[in-house]
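Structure below is start-v5.pdb: PDB, C-alpha atoms.
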```
MODEL        1
ATOM      1  CA  SER D1495     -42.595 -68.724 -69.873
ATOM      2  CA  SER D1496     -40.037 -66.208 -71.092
ATOM      3  CA  THR D1497     -37.976 -63.196 -70.146
ATOM      4  CA  GLY D1498     -36.740 -60.394 -72.346
ATOM      5  CA  VAL D1499     -36.842 -56.652 -72.896
ATOM      6  CA  ILE D1500     -40.221 -55.471 -71.578
ATOM      7  CA  GLY D1501     -42.455 -53.738 -74.117
ATOM      8  CA  TRP D1502     -41.081 -55.311 -77.295
ATOM      9  CA  ARG D1503     -43.046 -57.955 -79.160
ATOM     10  CA  LEU D1504     -41.699 -61.476 -79.315
ATOM     11  CA  PRO D1505     -40.656 -62.537 -82.840
ATOM     12  CA  ALA D1506     -43.624 -64.881 -83.124
ATOM     13  CA  LYS D1507     -43.143 -65.742 -86.799
ATOM     14  CA  GLU D1508     -39.475 -66.669 -86.351
ATOM     15  CA  LEU D1509     -40.295 -68.667 -83.214
ATOM     16  CA  ALA D1510     -43.060 -70.638 -84.914
ATOM     17  CA  GLU D1511     -41.279 -71.285 -88.201
ATOM     18  CA  SER D1512     -37.671 -71.758 -87.122
ATOM     19  CA  VAL D1513     -36.829 -71.755 -83.424
ATOM     20  CA  VAL D1514     -39.444 -74.196 -82.106
ATOM     21  CA  PRO D1515     -39.089 -76.761 -84.939
ATOM     22  CA  GLY D1516     -35.315 -76.603 -84.499
ATOM     23  CA  ALA D1517     -35.627 -77.145 -80.747
ATOM     24  CA  ILE D1518     -37.905 -80.142 -81.277
ATOM     25  CA  LYS D1519     -35.449 -81.625 -83.754
ATOM     26  CA  ASP D1520     -32.589 -81.257 -81.273
ATOM     27  CA  LEU D1521     -34.394 -82.890 -78.328
ATOM     28  CA  GLN D1522     -32.219 -85.432 -76.506
ATOM     29  CA  SER D1523     -32.035 -87.096 -73.098
ATOM     30  CA  GLU D1524     -28.279 -87.360 -72.622
ATOM     31  CA  SER D1525     -27.669 -84.069 -70.806
ATOM     32  CA  ALA D1526     -29.478 -80.951 -69.556
ATOM     33  CA  PHE D1527     -26.443 -78.765 -70.265
ATOM     34  CA  ASN D1528     -27.644 -77.671 -73.710
ATOM     35  CA  ALA D1529     -30.975 -76.569 -72.241
ATOM     36  CA  ALA D1530     -29.215 -74.629 -69.463
ATOM     37  CA  ARG D1531     -27.040 -72.921 -72.072
ATOM     38  CA  ASP D1532     -29.776 -72.177 -74.584
ATOM     39  CA  ILE D1533     -32.131 -70.379 -72.169
ATOM     40  CA  MET D1534     -29.394 -67.827 -71.402
ATOM     41  CA  THR D1535     -29.918 -64.187 -72.388
ATOM     42  CA  THR D1536     -27.555 -61.748 -70.659
ATOM     43  CA  ASP D1537     -26.160 -64.596 -68.542
ATOM     44  CA  ARG D1538     -22.436 -65.161 -68.889
ATOM     45  CA  TYR D1539     -22.577 -68.906 -68.232
ATOM     46  CA  PRO D1540     -25.151 -71.715 -67.838
ATOM     47  CA  LYS D1541     -26.441 -72.734 -64.418
ATOM     48  CA  LEU D1542     -27.034 -76.425 -63.765
ATOM     49  CA  ARG D1543     -27.329 -78.431 -60.520
ATOM     50  CA  SER D1544     -28.174 -82.079 -59.861
ATOM     51  CA  LYS D1545     -28.500 -84.554 -57.010
ATOM     52  CA  THR D1546     -28.936 -88.329 -56.869
ATOM     53  CA  LEU D1547     -30.924 -89.664 -53.904
ATOM     54  CA  SER D1548     -30.160 -92.840 -51.980
ATOM     55  CA  ASN D1549     -33.017 -94.694 -53.712
ATOM     56  CA  GLY D1550     -31.620 -93.800 -57.149
ATOM     57  CA  ALA D1551     -34.028 -90.974 -57.942
ATOM     58  CA  ARG D1552     -32.483 -87.841 -59.462
ATOM     59  CA  ILE D1553     -33.256 -84.147 -59.356
ATOM     60  CA  ILE D1554     -31.828 -81.838 -62.025
ATOM     61  CA  GLY D1555     -32.332 -78.089 -62.119
ATOM     62  CA  ILE D1556     -31.402 -75.351 -64.584
ATOM     63  CA  ALA D1557     -31.864 -71.584 -64.279
ATOM     64  CA  LYS D1558     -31.199 -68.306 -66.045
ATOM     65  CA  GLY D1559     -31.217 -64.680 -64.952
ATOM     66  CA  ALA D1560     -28.731 -61.864 -64.393
ATOM     67  CA  GLY D1561     -30.590 -58.553 -64.031
ATOM     68  CA  MET D1562     -33.838 -57.372 -62.387
ATOM     69  CA  ILE D1563     -33.206 -59.984 -59.705
ATOM     70  CA  GLU D1564     -35.348 -59.322 -56.613
ATOM     71  CA  PRO D1565     -38.205 -61.313 -55.091
ATOM     72  CA  ASN D1566     -40.903 -62.074 -55.728
ATOM     73  CA  MET D1567     -39.215 -63.702 -57.696
ATOM     74  CA  ALA D1568     -37.203 -61.887 -60.396
ATOM     75  CA  THR D1569     -36.394 -61.829 -64.108
ATOM     76  CA  MET D1570     -35.470 -65.470 -63.916
ATOM     77  CA  LEU D1571     -36.500 -68.875 -65.162
ATOM     78  CA  SER D1572     -35.848 -72.152 -63.390
ATOM     79  CA  TYR D1573     -36.871 -75.613 -64.508
ATOM     80  CA  ILE D1574     -36.436 -78.544 -62.146
ATOM     81  CA  MET D1575     -36.876 -82.148 -63.324
ATOM     82  CA  THR D1576     -37.056 -85.384 -61.377
ATOM     83  CA  ASP D1577     -37.993 -89.016 -61.853
ATOM     84  CA  ALA D1578     -39.166 -89.409 -58.236
ATOM     85  CA  ASP D1579     -42.813 -90.420 -57.824
ATOM     86  CA  VAL D1580     -43.999 -87.687 -55.446
ATOM     87  CA  PRO D1581     -47.741 -86.850 -55.189
ATOM     88  CA  LYS D1582     -48.573 -83.633 -57.060
ATOM     89  CA  ASP D1583     -49.896 -81.738 -54.020
ATOM     90  CA  LYS D1584     -46.821 -82.701 -51.994
ATOM     91  CA  LEU D1585     -44.517 -81.736 -54.855
ATOM     92  CA  GLN D1586     -46.155 -78.297 -55.032
ATOM     93  CA  SER D1587     -45.787 -77.639 -51.303
ATOM     94  CA  MET D1588     -42.157 -78.804 -51.381
ATOM     95  CA  LEU D1589     -41.420 -76.487 -54.295
ATOM     96  CA  SER D1590     -43.022 -73.531 -52.506
ATOM     97  CA  GLU D1591     -40.877 -74.149 -49.428
ATOM     98  CA  ALA D1592     -37.739 -74.505 -51.548
ATOM     99  CA  VAL D1593     -38.464 -71.284 -53.463
ATOM    100  CA  ASN D1594     -38.868 -69.305 -50.230
ATOM    101  CA  VAL D1595     -35.377 -70.222 -49.025
ATOM    102  CA  SER D1596     -33.753 -69.828 -52.441
ATOM    103  CA  PHE D1597     -35.155 -67.724 -55.270
ATOM    104  CA  ASN D1598     -37.104 -65.531 -52.815
ATOM    105  CA  SER D1599     -33.941 -64.995 -50.759
ATOM    106  CA  ILE D1600     -31.698 -63.291 -53.324
ATOM    107  CA  SER D1601     -31.218 -59.840 -54.804
ATOM    108  CA  VAL D1602     -28.869 -58.411 -57.404
ATOM    109  CA  ASP D1603     -30.214 -54.918 -58.039
ATOM    110  CA  GLY D1604     -33.408 -54.577 -55.975
ATOM    111  CA  ASP D1605     -35.681 -54.389 -59.028
ATOM    112  CA  GLU D1606     -38.612 -56.775 -59.310
ATOM    113  CA  SER D1607     -39.837 -58.142 -62.629
ATOM    114  CA  THR D1608     -42.990 -58.977 -64.528
ATOM    115  CA  SER D1609     -41.500 -62.211 -65.832
ATOM    116  CA  ASP D1610     -40.479 -65.175 -63.711
ATOM    117  CA  THR D1611     -41.086 -68.897 -63.547
ATOM    118  CA  THR D1612     -40.043 -71.833 -61.406
ATOM    119  CA  VAL D1613     -41.587 -75.218 -62.154
ATOM    120  CA  ILE D1614     -40.869 -78.809 -61.242
ATOM    121  CA  LEU D1615     -41.719 -81.739 -63.507
ATOM    122  CA  SER D1616     -41.680 -85.434 -62.634
ATOM    123  CA  SER D1617     -41.749 -88.537 -64.815
ATOM    124  CA  ASN D1618     -42.774 -90.606 -61.733
ATOM    125  CA  LYS D1619     -40.465 -93.440 -62.792
ATOM    126  CA  VAL D1620     -38.799 -94.058 -59.403
ATOM    127  CA  GLN D1621     -41.119 -95.165 -56.610
ATOM    128  CA  MET D1622     -40.723 -93.543 -53.202
ATOM    129  CA  ASN D1623     -41.134 -95.572 -49.998
ATOM    130  CA  SER D1624     -44.756 -94.987 -48.974
ATOM    131  CA  ASP D1625     -44.211 -96.590 -45.543
ATOM    132  CA  SER D1626     -41.653 -94.025 -44.405
ATOM    133  CA  ASP D1627     -41.150 -90.258 -44.536
ATOM    134  CA  ASP D1628     -37.398 -90.706 -44.987
ATOM    135  CA  ASP D1629     -37.551 -90.675 -48.806
ATOM    136  CA  LEU D1630     -39.683 -87.524 -48.875
ATOM    137  CA  LYS D1631     -37.462 -85.773 -46.319
ATOM    138  CA  GLU D1632     -34.380 -86.625 -48.369
ATOM    139  CA  PHE D1633     -36.147 -85.391 -51.514
ATOM    140  CA  GLN D1634     -37.111 -82.099 -49.814
ATOM    141  CA  ALA D1635     -33.552 -81.523 -48.593
ATOM    142  CA  ALA D1636     -32.134 -82.234 -52.061
ATOM    143  CA  LEU D1637     -34.694 -79.953 -53.723
ATOM    144  CA  GLU D1638     -33.764 -77.112 -51.370
ATOM    145  CA  GLU D1639     -30.045 -77.750 -51.934
ATOM    146  CA  ILE D1640     -30.453 -77.542 -55.709
ATOM    147  CA  SER D1641     -32.719 -74.485 -55.539
ATOM    148  CA  GLN D1642     -30.354 -72.642 -53.197
ATOM    149  CA  GLY D1643     -27.394 -73.537 -55.390
ATOM    150  CA  LEU D1644     -29.105 -72.212 -58.504
ATOM    151  CA  ALA D1645     -30.217 -69.066 -56.652
ATOM    152  CA  ALA D1646     -26.648 -68.390 -55.529
ATOM    153  CA  ASP D1647     -25.480 -68.988 -59.120
ATOM    154  CA  LEU D1648     -27.920 -66.312 -60.333
ATOM    155  CA  VAL D1649     -26.427 -63.770 -57.939
ATOM    156  CA  ARG D1650     -22.838 -64.705 -58.812
ATOM    157  CA  ASN D1651     -23.759 -64.282 -62.478
ATOM    158  CA  GLY D1652     -25.514 -60.964 -61.798
ATOM    159  CA  GLU D1653     -24.923 -58.084 -64.187
ATOM    160  CA  GLY D1654     -21.844 -56.320 -62.819
ATOM    161  CA  THR D1655     -21.480 -58.537 -59.730
ATOM    162  CA  GLY D1656     -17.965 -58.215 -58.297
ATOM    163  CA  HIS D1657     -18.740 -59.725 -54.883
ATOM    164  CA  VAL D1658     -21.457 -62.063 -53.655
ATOM    165  CA  MET D1659     -22.682 -61.244 -50.159
ATOM    166  CA  LYS D1660     -24.072 -64.029 -47.979
ATOM    167  CA  VAL D1661     -26.095 -62.698 -45.043
ATOM    168  CA  ASN D1662     -27.044 -65.102 -42.258
ATOM    169  CA  VAL D1663     -29.762 -63.721 -39.969
ATOM    170  CA  SER D1664     -30.256 -65.884 -36.873
ATOM    171  CA  ASN D1665     -32.376 -65.896 -33.719
ATOM    172  CA  PHE D1666     -34.522 -63.106 -35.185
ATOM    173  CA  PRO D1667     -37.453 -61.902 -33.018
ATOM    174  CA  GLY D1668     -40.147 -62.387 -35.643
ATOM    175  CA  THR D1669     -40.955 -64.623 -38.595
ATOM    176  CA  ASP D1670     -38.641 -66.204 -41.176
ATOM    177  CA  HIS D1671     -40.253 -63.911 -43.756
ATOM    178  CA  GLU D1672     -39.259 -60.849 -41.710
ATOM    179  CA  ALA D1673     -35.743 -62.232 -41.282
ATOM    180  CA  ARG D1674     -35.501 -62.582 -45.072
ATOM    181  CA  ARG D1675     -36.693 -58.997 -45.489
ATOM    182  CA  LEU D1676     -33.906 -57.819 -43.168
ATOM    183  CA  GLY D1677     -31.333 -59.797 -45.140
ATOM    184  CA  ARG D1678     -32.538 -58.261 -48.393
ATOM    185  CA  HIS D1679     -32.537 -54.804 -46.803
ATOM    186  CA  ILE D1680     -28.841 -55.258 -46.007
ATOM    187  CA  VAL D1681     -27.793 -56.510 -49.449
ATOM    188  CA  ASN D1682     -29.884 -53.784 -51.135
ATOM    189  CA  SER D1683     -28.307 -50.887 -49.221
ATOM    190  CA  PRO D1684     -26.548 -48.793 -51.913
ATOM    191  CA  LEU D1685     -23.997 -47.488 -49.405
ATOM    192  CA  PHE D1686     -23.090 -50.944 -48.137
ATOM    193  CA  LYS D1687     -23.043 -52.398 -51.664
ATOM    194  CA  CYS D1688     -20.510 -49.736 -52.702
ATOM    195  CA  ALA D1689     -18.378 -50.380 -49.622
ATOM    196  CA  VAL D1690     -18.228 -54.094 -50.421
ATOM    197  CA  SER D1691     -17.366 -53.325 -54.047
ATOM    198  CA  GLY D1692     -14.375 -51.282 -52.889
ATOM    199  CA  ASN D1693     -13.259 -53.900 -50.309
ATOM    200  CA  ASP D1694     -13.953 -51.249 -47.675
ATOM    201  CA  PRO D1695     -14.985 -52.757 -44.303
ATOM    202  CA  ASN D1696     -17.266 -49.804 -43.520
ATOM    203  CA  THR D1697     -19.055 -51.539 -40.682
ATOM    204  CA  GLY D1698     -21.085 -48.431 -39.880
ATOM    205  CA  ARG D1699     -22.940 -48.829 -43.180
ATOM    206  CA  LEU D1700     -23.834 -52.403 -42.262
ATOM    207  CA  ALA D1701     -25.035 -51.340 -38.815
ATOM    208  CA  GLY D1702     -26.955 -48.471 -40.403
ATOM    209  CA  ALA D1703     -28.801 -50.820 -42.748
ATOM    210  CA  ILE D1704     -29.787 -53.074 -39.842
ATOM    211  CA  GLY D1705     -30.825 -50.122 -37.693
ATOM    212  CA  SER D1706     -32.849 -48.608 -40.523
ATOM    213  CA  PHE D1707     -34.864 -51.798 -40.962
ATOM    214  CA  MET D1708     -35.435 -52.408 -37.263
ATOM    215  CA  GLY D1709     -36.353 -48.775 -36.622
ATOM    216  CA  LYS D1710     -39.009 -48.870 -39.341
ATOM    217  CA  PHE D1711     -40.477 -52.312 -38.802
ATOM    218  CA  LYS D1712     -39.471 -53.474 -35.305
ATOM    219  CA  PRO D1713     -39.031 -50.283 -33.257
ATOM    220  CA  GLU D1714     -39.901 -51.914 -29.919
ATOM    221  CA  GLU D1715     -37.401 -54.746 -30.136
ATOM    222  CA  ASP D1716     -34.474 -54.972 -27.721
ATOM    223  CA  LEU D1717     -31.249 -54.866 -29.756
ATOM    224  CA  SER D1718     -28.843 -54.886 -26.820
ATOM    225  CA  GLU D1719     -27.757 -58.474 -27.475
ATOM    226  CA  VAL D1720     -27.210 -58.198 -31.235
ATOM    227  CA  VAL D1721     -23.923 -59.645 -32.491
ATOM    228  CA  MET D1722     -22.643 -58.740 -35.964
ATOM    229  CA  THR D1723     -19.887 -60.593 -37.783
ATOM    230  CA  LEU D1724     -17.989 -59.925 -40.988
ATOM    231  CA  GLY D1725     -15.825 -62.681 -42.409
ATOM    232  CA  GLU D1726     -16.479 -64.750 -39.250
ATOM    233  CA  ARG D1727     -14.931 -61.981 -37.070
ATOM    234  CA  THR D1728     -17.167 -60.336 -34.471
ATOM    235  CA  ILE D1729     -17.407 -56.623 -35.267
ATOM    236  CA  PHE D1730     -20.286 -55.598 -32.985
ATOM    237  CA  SER D1731     -21.377 -56.988 -29.610
ATOM    238  CA  LYS D1732     -23.118 -55.788 -26.441
ATOM    239  CA  GLY D1733     -24.125 -52.500 -28.000
ATOM    240  CA  LYS D1734     -20.748 -51.424 -29.338
ATOM    241  CA  PHE D1735     -18.300 -52.042 -32.151
ATOM    242  CA  VAL D1736     -15.406 -54.433 -31.524
ATOM    243  CA  LEU D1737     -12.833 -52.896 -33.853
ATOM    244  CA  GLU D1738      -9.376 -52.150 -32.546
ATOM    245  CA  GLY D1739      -6.315 -51.439 -34.660
ATOM    246  CA  ASP D1740      -5.246 -51.460 -38.259
ATOM    247  CA  ASP D1741      -4.791 -55.228 -38.236
ATOM    248  CA  VAL D1742      -8.542 -55.780 -37.820
ATOM    249  CA  GLU D1743      -9.361 -53.407 -40.667
ATOM    250  CA  ARG D1744      -6.790 -55.132 -42.874
ATOM    251  CA  GLU D1745      -8.205 -58.570 -41.990
ATOM    252  CA  LEU D1746     -11.747 -57.506 -42.918
ATOM    253  CA  SER D1747     -10.601 -55.868 -46.133
ATOM    254  CA  ASP D1748      -8.587 -58.963 -47.055
ATOM    255  CA  HIS D1749     -11.690 -61.094 -46.523
ATOM    256  CA  MET D1750     -13.564 -58.940 -49.039
ATOM    257  CA  MET D1751     -10.696 -58.989 -51.505
ATOM    258  CA  ASP D1752     -10.492 -62.778 -51.287
ATOM    259  CA  ALA D1753     -14.185 -63.024 -52.226
ATOM    260  CA  GLN D1754     -13.873 -60.635 -55.180
ATOM    261  CA  GLN D1755     -14.507 -61.934 -58.687
ATOM    262  CA  ASN D1756     -14.150 -60.581 -62.195
ATOM    263  CA  GLU D1757     -17.610 -59.292 -63.096
ATOM    264  CA  VAL D1758     -17.097 -59.952 -66.815
ATOM    265  CA  GLU D1759     -15.378 -63.356 -66.776
ATOM    266  CA  GLU D1760     -17.119 -66.121 -68.690
ATOM    267  CA  PHE D1761     -17.166 -68.531 -65.757
ATOM    268  CA  PRO D1762     -16.737 -67.975 -61.998
ATOM    269  CA  SER D1763     -13.252 -68.692 -60.699
ATOM    270  CA  HIS D1764     -14.527 -69.526 -57.194
ATOM    271  CA  GLN D1765     -17.638 -69.803 -55.011
ATOM    272  CA  LYS D1766     -16.514 -67.470 -52.219
ATOM    273  CA  CYS D1767     -18.774 -64.901 -50.546
ATOM    274  CA  VAL D1768     -18.451 -61.880 -48.283
ATOM    275  CA  MET D1769     -19.812 -63.504 -45.120
ATOM    276  CA  ILE D1770     -22.090 -61.353 -42.944
ATOM    277  CA  GLY D1771     -23.778 -62.526 -39.753
ATOM    278  CA  VAL D1772     -26.512 -60.856 -37.692
ATOM    279  CA  ASP D1773     -27.485 -62.746 -34.524
ATOM    280  CA  PHE D1774     -30.282 -61.262 -32.369
ATOM    281  CA  MET D1775     -29.764 -63.912 -29.658
ATOM    282  CA  HIS D1776     -33.411 -64.091 -28.539
ATOM    283  CA  GLY D1777     -35.711 -65.125 -31.389
ATOM    284  CA  ASP D1778     -36.715 -68.246 -33.300
ATOM    285  CA  ALA D1779     -36.588 -67.047 -36.923
ATOM    286  CA  SER D1780     -33.689 -67.235 -39.354
ATOM    287  CA  ALA D1781     -32.830 -66.626 -43.005
ATOM    288  CA  THR D1782     -29.933 -66.753 -45.435
ATOM    289  CA  VAL D1783     -29.896 -64.154 -48.212
ATOM    290  CA  PHE D1784     -27.491 -63.782 -51.133
ATOM    291  CA  GLY D1785     -26.871 -60.366 -52.684
ATOM    292  CA  SER D1786     -24.572 -58.506 -55.065
ATOM    293  CA  ASP D1787     -22.314 -55.514 -54.616
ATOM    294  CA  LEU D1788     -22.636 -52.378 -56.765
ATOM    295  CA  THR D1789     -19.931 -51.877 -59.386
ATOM    296  CA  LYS D1790     -19.531 -49.094 -61.906
TER     297      LYS D1790
ENDMDL
END
```

Kindly present the structure from the file in structure tokens form.
Amino acid sequence: SSTGVIGWRLPAKELAESVVPGAIKDLQSESAFNAARDIMTTDRYPKLRSKTLSNGARIIGIAKGAGMIEPNMATMLSYIMTDADVPKDKLQSMLSEAVNVSFNSISVDGDESTSDTTVILSSNKVQMNSDSDDDLKEFQAALEEISQGLAADLVRNGEGTGHVMKVNVSNFPGTDHEARRLGRHIVNSPLFKCAVSGNDPNTGRLAGAIGSFMGKFKPEEDLSEVVMTLGERTIFSKGKFVLEGDDVERELSDHMMDAQQNEVEEFPSHQKCVMIGVDFMHGDASATVFGSDLTK
């Protein structure tokens, strides 16, 4: 698996004669940090997450990607390693579920890619309790936690990302897949991206993005109960905006400013996000989507 500039040939001779032999020579089992660093291309920093389970099994994941980030999946690579002895078919289904709520729930620039990979490898060294589902449930939760963490890292490391948006869609009248599509529609709105970049709480652009999606794909749905929040403050409820006074505007703008990051710094100074909530109040589906603003 690889990513790179589309259309240009890989330097096969150099890879075969120098790069691969050098990589083999440098193989070690002390840390995955070097691997996370060495798969970087336009990334500004390596992305590495790990989790130790209660039975001693470990999961370690690395990822790279910064541009052309849009499901399904994106110009990204992610390699997840574990020593837990999980049956292959179960491991595959767990990975698919984890990818849906992580790497398929992010967007930096709205452009899909021809090159992406997520794999999980197991050495099967740590036995899981076959008499109980508790070990497998803990493994699934840890796998999703690592995958979501790496996915959020990809967005934070996005080319030109000055703010990370976290959109929580809840009680959506449809499927989880449709809820994810709405979340991506919001974070991919050029107008709303620009507003976030300028710390401008232009709530009309957020409402417009939601209305655009629902009008196209769910025109018969009742939206009278929709509640929208920005930075944990309710900004829309019962069919109207809840915005009164300069203090509210300043509070929302301050929330955006607090989540701002330097889009060229070598390592993120924080993990803050512009928090956006859309609650439909009468459905069973939900999704969390991470997205990037649009800087110059």

Closest of D:Ser1512, D:Thr1789, D:Gln1621, D:Ser1763 to D:Val1690 - atom-to-atom distances counting all atoms listed in the file: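 Checking each of D:Ser1512, D:Thr1789, D:Gln1621, D:Ser1763 against D:Val1690, counting all atoms listed in the file, the winner is D:Thr1789.
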
Which residue of D:Lys1541, D:His1657, D:Arg1678, D:Arg1727 approaches D:His1764 most closely, using all atoms listed in the file: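 When distances to D:His1764 are compared using all atoms listed in the file, the smallest one comes from D:His1657.
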
Using only C-alpha atoms, tabulate the residues of stretch 1562-1608 of chain D lying at most 6 Å from any atom of stretch 1644-1653 of chain D, each with its closest atom pair and that distance in Å to one decimal, by chain and increasing residue number, as JSON lines.
```
{"residue": "D:Ser1596", "atom": "CA", "partner": "D:Ala1645", "partner_atom": "CA", "distance": 5.6}
{"residue": "D:Phe1597", "atom": "CA", "partner": "D:Ala1645", "partner_atom": "CA", "distance": 5.3}
{"residue": "D:Val1602", "atom": "CA", "partner": "D:Val1649", "partner_atom": "CA", "distance": 5.9}
```

Counting only C-alpha atoms, the option among D:Asn1594, D:Ser1617, D:Ser1607, D:Gln1642 closest to D:Met1570: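 Under the stated criterion, the closest residue is D:Ser1607.
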
From D:Val1513, D:Val1580, D:Ile1704, D:Leu1788, residue lying nearest D:Leu1630 [all atoms listed in the file]: D:Val1580

Residues in the PyMOL selection byres ((chain D and resi 1590) around 12), expressed as a list of chain:residue names: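 This file gives the following for the PyMOL selection byres ((chain D and resi 1590) around 12): D:Met1567, D:Asp1583, D:Lys1584, D:Leu1585, D:Gln1586, D:Ser1587, D:Met1588, D:Leu1589, D:Glu1591, D:Ala1592, D:Val1593, D:Asn1594, D:Val1595, D:Ser1596, D:Phe1597, D:Asn1598, D:Thr1612, D:Val1613, D:Ile1614, D:Gln1634, D:Leu1637, D:Glu1638, D:Ser1641.
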
Output check: residues returned by the PyMOL selection byres ((chain D and resi 1497) around 10), as a list in words: Ser1495, Ser1496, Gly1498, Val1499, Ile1500, Ile1533, Met1534, Thr1535, Lys1558, Gly1559, Ala1568, Thr1569, Met1570, Leu1571, Ser1607, Thr1608, Ser1609, Asp1610 and Thr1611 of chain D

Resolved residues for the PyMOL selection byres ((chain D and resi 1709-1723) around 7) as a compact mmCIF listing (two decimals) with C-alpha atoms, keeping the file's coordinate frame:
```
# COMPACT_ATOMS: atom_id res chain seq x y z
CA GLY D 1705 -30.82 -50.12 -37.69
CA SER D 1706 -32.85 -48.61 -40.52
CA PHE D 1707 -34.86 -51.80 -40.96
CA MET D 1708 -35.44 -52.41 -37.26
CA LEU D 1724 -17.99 -59.92 -40.99
CA GLY D 1725 -15.82 -62.68 -42.41
CA GLU D 1726 -16.48 -64.75 -39.25
CA ARG D 1727 -14.93 -61.98 -37.07
CA THR D 1728 -17.17 -60.34 -34.47
CA ILE D 1729 -17.41 -56.62 -35.27
CA PHE D 1730 -20.29 -55.60 -32.98
CA SER D 1731 -21.38 -56.99 -29.61
CA LYS D 1732 -23.12 -55.79 -26.44
CA GLY D 1733 -24.12 -52.50 -28.00
CA ILE D 1770 -22.09 -61.35 -42.94
CA GLY D 1771 -23.78 -62.53 -39.75
CA VAL D 1772 -26.51 -60.86 -37.69
CA ASP D 1773 -27.48 -62.75 -34.52
CA PHE D 1774 -30.28 -61.26 -32.37
CA MET D 1775 -29.76 -63.91 -29.66
```

Interatomic distance, atom CA of D:Ser1572 to atom CA of D:Ala1530 (Å, one decimal):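 For atom CA of D:Ser1572 relative to atom CA of D:Ala1530, the distance reads 9.3 Å.
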
Pick from D:Glu1511, D:Gly1643, D:Ser1780, D:Asp1627, whichever lies nearest to D:Ala1557 using only C-alpha atoms: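 Among the listed residues, D:Gly1643 lies closest to D:Ala1557.
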
Nearest-residue call for D:Lys1619, choices D:Glu1738, D:Asp1579, D:Asp1694, D:Asp1537, using all atoms listed in the file: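 Of the candidates, the smallest distance to D:Lys1619 is held by D:Asp1579.
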
Polymer residues at most 12 Å from (-7.6, -55.7, -53.2) by all atoms listed in the file, as a PyMOL selection string: chain D and resi 1656-1657+1690-1695+1744-1755

Between atom CA of D:Thr1669 and atom CA of D:Asp1778 - distance in Å to one decimal: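 If I compute the distance from atom CA of D:Asp1778 to atom CA of D:Thr1669, I get 7.7 Å.
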
Can you tell me, as AutoDock Vina command-line options, the centre and edge lengths (Å, one decimal) of the axis-aligned box enclosing all of stretch 1618-1632 of chain D's listed atoms after padding each side by 4 Å?
```
--center_x -39.6 --center_y -91.2 --center_z -53.6 --size_x 18.4 --size_y 18.8 --size_z 26.4
```

Straight-line distance linking atom CA of D:Glu1743 with atom CA of D:Pro1762, stated in Å to one decimal: 26.9 Å
